[in-house]
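To start, the structure under review is shown below, and the notes come after it.
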Amino acid sequence: MKLIFVGPQGSGKGTQAKRIARKFGLCHISTGDLLREVDGELKTEVDKIMSRGDLVSDELIVRILKEKLESDECKSGFILDGFPRNVAQVEELAKITEIDRVVEIAISDEESVRRISGRRGCGKCGAIYNIATAPKPKVEGVCDDCGGELIQRKDDNEEALRERLKVYHEDTESILERYTSVRVDGEQSIEKVFEGVVEVLD
Ligand code: AMP
């Protein structure tokens, strides 16, 4: 299966993509995560763009994505999470691979702001928590799984988020017109959204 998950910030698409990838034996490719792992010369520039809520260049993200798609772990199928984000990226993707399904996880802007302001991630293992919604960590600021420190992403502040939502509505939503997509209501519990996604994929 070759899938794309689309949804605004805080829709839970990363959480769902991870779970669905595990269930179906697919590789989960989050371009945001790949960019956060960039080091060397590029790091300062990439960090600056991301903390403003802007997109990095199509050329850079396509290069990083291609490398990942060619790796052995992604040979039996994948879920793209955060890519493509505009029409130019849709066209680049078409040159690299075909896509079977596009799943849209929909939430309102108000819900996005509410969820993102509470989002915290473990700096050590990457587990995601939410102090405004759920799952909340058992001990404030500490990861339940590995004891790592919980931190807020630099671009999870209100100003950057408003910019990211604007980019989402202006550019990313338009990619839905390029594919046949299925929509799942993202304002339900994590479990219900998961069941909804499994249902559309089965
Ligand atoms: P995300 O984790 O998907 O919210 O992505 C975080 C940030 O990474 C975005 O705000 C962009 O700055 C950058 N980014 C992620 N995916 C892409 C992409 N496909 N094209 C350009 N920039 C991206």
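In the structure tokens, chains take letters A, B, ... by order of appearance, with residues numbered from 1 within each chain and ligands from 1 in the order shown.
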Show me which residues are within 10 Å of ligand 1 counting only C-alpha atoms and all ligand atoms, and format the list as number ranges by chain. A: 6-10, 13-14, 30-36, 46-62, 64-65, 80-86, 88-90, 153-156, 160-161, 163-165, 167-168, 172
Write out as a PyMOL selection string the set of residues from stretch 101-202 of chain A that DSSP, computed on the backbone, places in strand (DSSP E or B). chain A and resi 101-106+119-122+128-130+142+149-151+181-185
Which residues, written as an MDAnalysis selection string, have at least one atom at most 12 Å from A:Val182, with only C-alpha atoms counted and residues fewer than 6 positions away on the same chain left out? chainID A and resid 3:7 100:106 176 196:201
Output N, CA, C and O atoms for every residue in that selection, as a PDB file, in the first residue's frame.
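Heads up, here's the output in selection_20.pdb:
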ATOM      1  N   LEU A   3       0.355   5.151   0.569  1.00  0.00           N
ATOM      2  CA  LEU A   3      -0.686   6.054   1.060  1.00  0.00           C
ATOM      3  C   LEU A   3      -0.151   7.444   1.339  1.00  0.00           C
ATOM      4  O   LEU A   3       1.028   7.621   1.635  1.00  0.00           O
ATOM      5  N   ILE A   4      -1.072   8.418   1.276  1.00  0.00           N
ATOM      6  CA  ILE A   4      -0.767   9.777   1.736  1.00  0.00           C
ATOM      7  C   ILE A   4      -1.789  10.131   2.807  1.00  0.00           C
ATOM      8  O   ILE A   4      -2.988   9.911   2.605  1.00  0.00           O
ATOM      9  N   PHE A   5      -1.331  10.662   3.930  1.00  0.00           N
ATOM     10  CA  PHE A   5      -2.229  11.194   4.950  1.00  0.00           C
ATOM     11  C   PHE A   5      -2.145  12.712   4.908  1.00  0.00           C
ATOM     12  O   PHE A   5      -1.050  13.276   4.956  1.00  0.00           O
ATOM     13  N   VAL A   6      -3.317  13.349   4.826  1.00  0.00           N
ATOM     14  CA  VAL A   6      -3.371  14.809   4.786  1.00  0.00           C
ATOM     15  C   VAL A   6      -4.237  15.298   5.934  1.00  0.00           C
ATOM     16  O   VAL A   6      -5.261  14.693   6.242  1.00  0.00           O
ATOM     17  N   GLY A   7      -3.832  16.383   6.566  1.00  0.00           N
ATOM     18  CA  GLY A   7      -4.674  16.942   7.632  1.00  0.00           C
ATOM     19  C   GLY A   7      -3.984  18.146   8.224  1.00  0.00           C
ATOM     20  O   GLY A   7      -2.758  18.256   8.149  1.00  0.00           O
ATOM     21  N   ASP A 100      -1.758   4.832  -3.974  1.00  0.00           N
ATOM     22  CA  ASP A 100      -3.009   4.071  -3.990  1.00  0.00           C
ATOM     23  C   ASP A 100      -4.175   4.826  -3.364  1.00  0.00           C
ATOM     24  O   ASP A 100      -5.286   4.799  -3.870  1.00  0.00           O
ATOM     25  N   ARG A 101      -3.934   5.435  -2.211  1.00  0.00           N
ATOM     26  CA  ARG A 101      -5.030   6.092  -1.499  1.00  0.00           C
ATOM     27  C   ARG A 101      -4.557   7.357  -0.810  1.00  0.00           C
ATOM     28  O   ARG A 101      -3.407   7.439  -0.354  1.00  0.00           O
ATOM     29  N   VAL A 102      -5.451   8.338  -0.720  1.00  0.00           N
ATOM     30  CA  VAL A 102      -5.182   9.545   0.058  1.00  0.00           C
ATOM     31  C   VAL A 102      -6.247   9.642   1.146  1.00  0.00           C
ATOM     32  O   VAL A 102      -7.444   9.574   0.863  1.00  0.00           O
ATOM     33  N   VAL A 103      -5.801   9.741   2.393  1.00  0.00           N
ATOM     34  CA  VAL A 103      -6.728   9.830   3.521  1.00  0.00           C
ATOM     35  C   VAL A 103      -6.623  11.224   4.117  1.00  0.00           C
ATOM     36  O   VAL A 103      -5.534  11.668   4.488  1.00  0.00           O
ATOM     37  N   GLU A 104      -7.764  11.923   4.200  1.00  0.00           N
ATOM     38  CA  GLU A 104      -7.778  13.243   4.818  1.00  0.00           C
ATOM     39  C   GLU A 104      -8.347  13.124   6.226  1.00  0.00           C
ATOM     40  O   GLU A 104      -9.428  12.565   6.416  1.00  0.00           O
ATOM     41  N   ILE A 105      -7.611  13.635   7.204  1.00  0.00           N
ATOM     42  CA  ILE A 105      -8.117  13.654   8.581  1.00  0.00           C
ATOM     43  C   ILE A 105      -8.472  15.098   8.886  1.00  0.00           C
ATOM     44  O   ILE A 105      -7.595  15.962   8.961  1.00  0.00           O
ATOM     45  N   ALA A 106      -9.780  15.363   9.007  1.00  0.00           N
ATOM     46  CA  ALA A 106     -10.256  16.748   9.057  1.00  0.00           C
ATOM     47  C   ALA A 106     -10.575  17.224  10.471  1.00  0.00           C
ATOM     48  O   ALA A 106     -11.234  16.521  11.237  1.00  0.00           O
ATOM     49  N   LEU A 176      -5.784  17.911  -2.475  1.00  0.00           N
ATOM     50  CA  LEU A 176      -6.892  16.951  -2.383  1.00  0.00           C
ATOM     51  C   LEU A 176      -7.659  16.896  -3.699  1.00  0.00           C
ATOM     52  O   LEU A 176      -8.283  15.891  -4.020  1.00  0.00           O
ATOM     53  N   GLY A 196     -11.933   4.415  11.866  1.00  0.00           N
ATOM     54  CA  GLY A 196     -12.428   5.041  10.632  1.00  0.00           C
ATOM     55  C   GLY A 196     -11.431   4.899   9.495  1.00  0.00           C
ATOM     56  O   GLY A 196     -11.808   4.610   8.355  1.00  0.00           O
ATOM     57  N   VAL A 197     -10.147   5.072   9.827  1.00  0.00           N
ATOM     58  CA  VAL A 197      -9.116   4.968   8.780  1.00  0.00           C
ATOM     59  C   VAL A 197      -8.992   3.508   8.309  1.00  0.00           C
ATOM     60  O   VAL A 197      -8.937   3.240   7.100  1.00  0.00           O
ATOM     61  N   VAL A 198      -8.990   2.579   9.279  1.00  0.00           N
ATOM     62  CA  VAL A 198      -8.887   1.153   8.907  1.00  0.00           C
ATOM     63  C   VAL A 198     -10.055   0.780   7.986  1.00  0.00           C
ATOM     64  O   VAL A 198      -9.868   0.107   6.980  1.00  0.00           O
ATOM     65  N   GLU A 199     -11.238   1.271   8.333  1.00  0.00           N
ATOM     66  CA  GLU A 199     -12.431   0.964   7.534  1.00  0.00           C
ATOM     67  C   GLU A 199     -12.284   1.444   6.094  1.00  0.00           C
ATOM     68  O   GLU A 199     -12.559   0.694   5.161  1.00  0.00           O
ATOM     69  N   VAL A 200     -11.793   2.676   5.917  1.00  0.00           N
ATOM     70  CA  VAL A 200     -11.672   3.167   4.530  1.00  0.00           C
ATOM     71  C   VAL A 200     -10.553   2.426   3.773  1.00  0.00           C
ATOM     72  O   VAL A 200     -10.619   2.283   2.558  1.00  0.00           O
ATOM     73  N   LEU A 201      -9.554   1.923   4.507  1.00  0.00           N
ATOM     74  CA  LEU A 201      -8.460   1.220   3.830  1.00  0.00           C
ATOM     75  C   LEU A 201      -8.841  -0.235   3.500  1.00  0.00           C
ATOM     76  O   LEU A 201      -8.410  -0.782   2.492  1.00  0.00           O
TER      77      LEU A 201
END
When you draw a straight line from atom CA of A:Ile175 to atom CA of A:Lys95, how long is it in Å?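 Interatomic distance here is 15.7 Å.
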With a distance cut-off of 12 Å and only C-alpha atoms, select the neighbouring residues of A:Glu191, excluding the residue or stretch itself and same-chain residues fewer than 5 positions from it, and output the selection as a VMD selection string. chain A and resid 12 15 to 16 19 to 20 134 185 to 186 196 to 198
Save out the residues we just selected, N, CA, C and O atoms, as an mmCIF file, in the first residue's frame.
data_model
loop_
_atom_site.group_PDB
_atom_site.id
_atom_site.type_symbol
_atom_site.label_atom_id
_atom_site.label_comp_id
_atom_site.auth_asym_id
_atom_site.auth_seq_id
_atom_site.Cartn_x
_atom_site.Cartn_y
_atom_site.Cartn_z
ATOM 1 N N GLY A 12 -3.893 14.837 14.229
ATOM 2 C CA GLY A 12 -3.578 13.495 14.703
ATOM 3 C C GLY A 12 -3.092 12.604 13.570
ATOM 4 O O GLY A 12 -2.962 11.401 13.730
ATOM 5 N N THR A 15 0.032 10.554 14.537
ATOM 6 C CA THR A 15 -0.316 9.461 15.455
ATOM 7 C C THR A 15 -0.979 8.318 14.684
ATOM 8 O O THR A 15 -0.622 7.148 14.832
ATOM 9 N N GLN A 16 -1.944 8.673 13.841
ATOM 10 C CA GLN A 16 -2.658 7.646 13.075
ATOM 11 C C GLN A 16 -1.733 6.983 12.054
ATOM 12 O O GLN A 16 -1.785 5.770 11.870
ATOM 13 N N ARG A 19 0.311 4.342 13.755
ATOM 14 C CA ARG A 19 -0.455 3.146 14.124
ATOM 15 C C ARG A 19 -0.851 2.333 12.901
ATOM 16 O O ARG A 19 -0.774 1.109 12.894
ATOM 17 N N ILE A 20 -1.263 3.028 11.854
ATOM 18 C CA ILE A 20 -1.677 2.332 10.625
ATOM 19 C C ILE A 20 -0.458 1.653 9.987
ATOM 20 O O ILE A 20 -0.542 0.532 9.495
ATOM 21 N N ALA A 134 -5.372 14.748 25.375
ATOM 22 C CA ALA A 134 -4.856 13.466 25.844
ATOM 23 C C ALA A 134 -3.940 12.905 24.764
ATOM 24 O O ALA A 134 -4.065 13.300 23.614
ATOM 25 N N ASP A 185 -13.410 11.998 10.008
ATOM 26 C CA ASP A 185 -13.585 13.075 10.989
ATOM 27 C C ASP A 185 -12.535 12.934 12.097
ATOM 28 O O ASP A 185 -12.569 11.976 12.874
ATOM 29 N N GLY A 186 -11.620 13.890 12.161
ATOM 30 C CA GLY A 186 -10.518 13.827 13.130
ATOM 31 C C GLY A 186 -10.875 14.345 14.506
ATOM 32 O O GLY A 186 -10.039 14.318 15.413
ATOM 33 N N GLY A 196 -11.933 4.415 11.866
ATOM 34 C CA GLY A 196 -12.428 5.041 10.632
ATOM 35 C C GLY A 196 -11.431 4.899 9.495
ATOM 36 O O GLY A 196 -11.808 4.610 8.355
ATOM 37 N N VAL A 197 -10.147 5.072 9.827
ATOM 38 C CA VAL A 197 -9.116 4.968 8.780
ATOM 39 C C VAL A 197 -8.992 3.508 8.309
ATOM 40 O O VAL A 197 -8.937 3.240 7.100
ATOM 41 N N VAL A 198 -8.990 2.579 9.279
ATOM 42 C CA VAL A 198 -8.887 1.153 8.907
ATOM 43 C C VAL A 198 -10.055 0.780 7.986
ATOM 44 O O VAL A 198 -9.868 0.107 6.980
#
Extract, using only C-alpha atoms, all DNA, RNA and protein residues at most 9 Å from A:Lys75, discarding same-chain residues fewer than 4 positions from it, and format them as a list in words. Leu26, Cys27, Leu69, Glu70 and Ser71 of chain A
I need the residues in stretch 11-42 of chain A that are alpha helix (DSSP H) according to DSSP; give them as a ChimeraX atom specification. /A:13-24,31-36,42
So what do you get for atom CA of A:Pro137 versus atom CA of A:Glu111, distance-wise?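 Computing the Euclidean distance for atom CA of A:Pro137 and atom CA of A:Glu111 yields 20.5 Å.
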For a quick check of understanding, using only C-alpha atoms, which of A:Asp144, A:Glu149, A:Glu98, A:Glu158 has the smallest distance to A:Ser117?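 Between A:Asp144, A:Glu149, A:Glu98, A:Glu158, the residue approaching A:Ser117 most closely is A:Glu158.
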Which value, in Å to one decimal, gives the distance between atom CA of A:Asp202 and atom CA of A:Lys23?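 A separation of 11.9 Å between them.
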Can you list, as a PyMOL selection string, every protein, DNA or RNA residue that comes within 6 Å of A:Gly121 when you count only C-alpha atoms, leaving out same-chain residues fewer than 5 positions away? chain A and resi 126-128+150-151
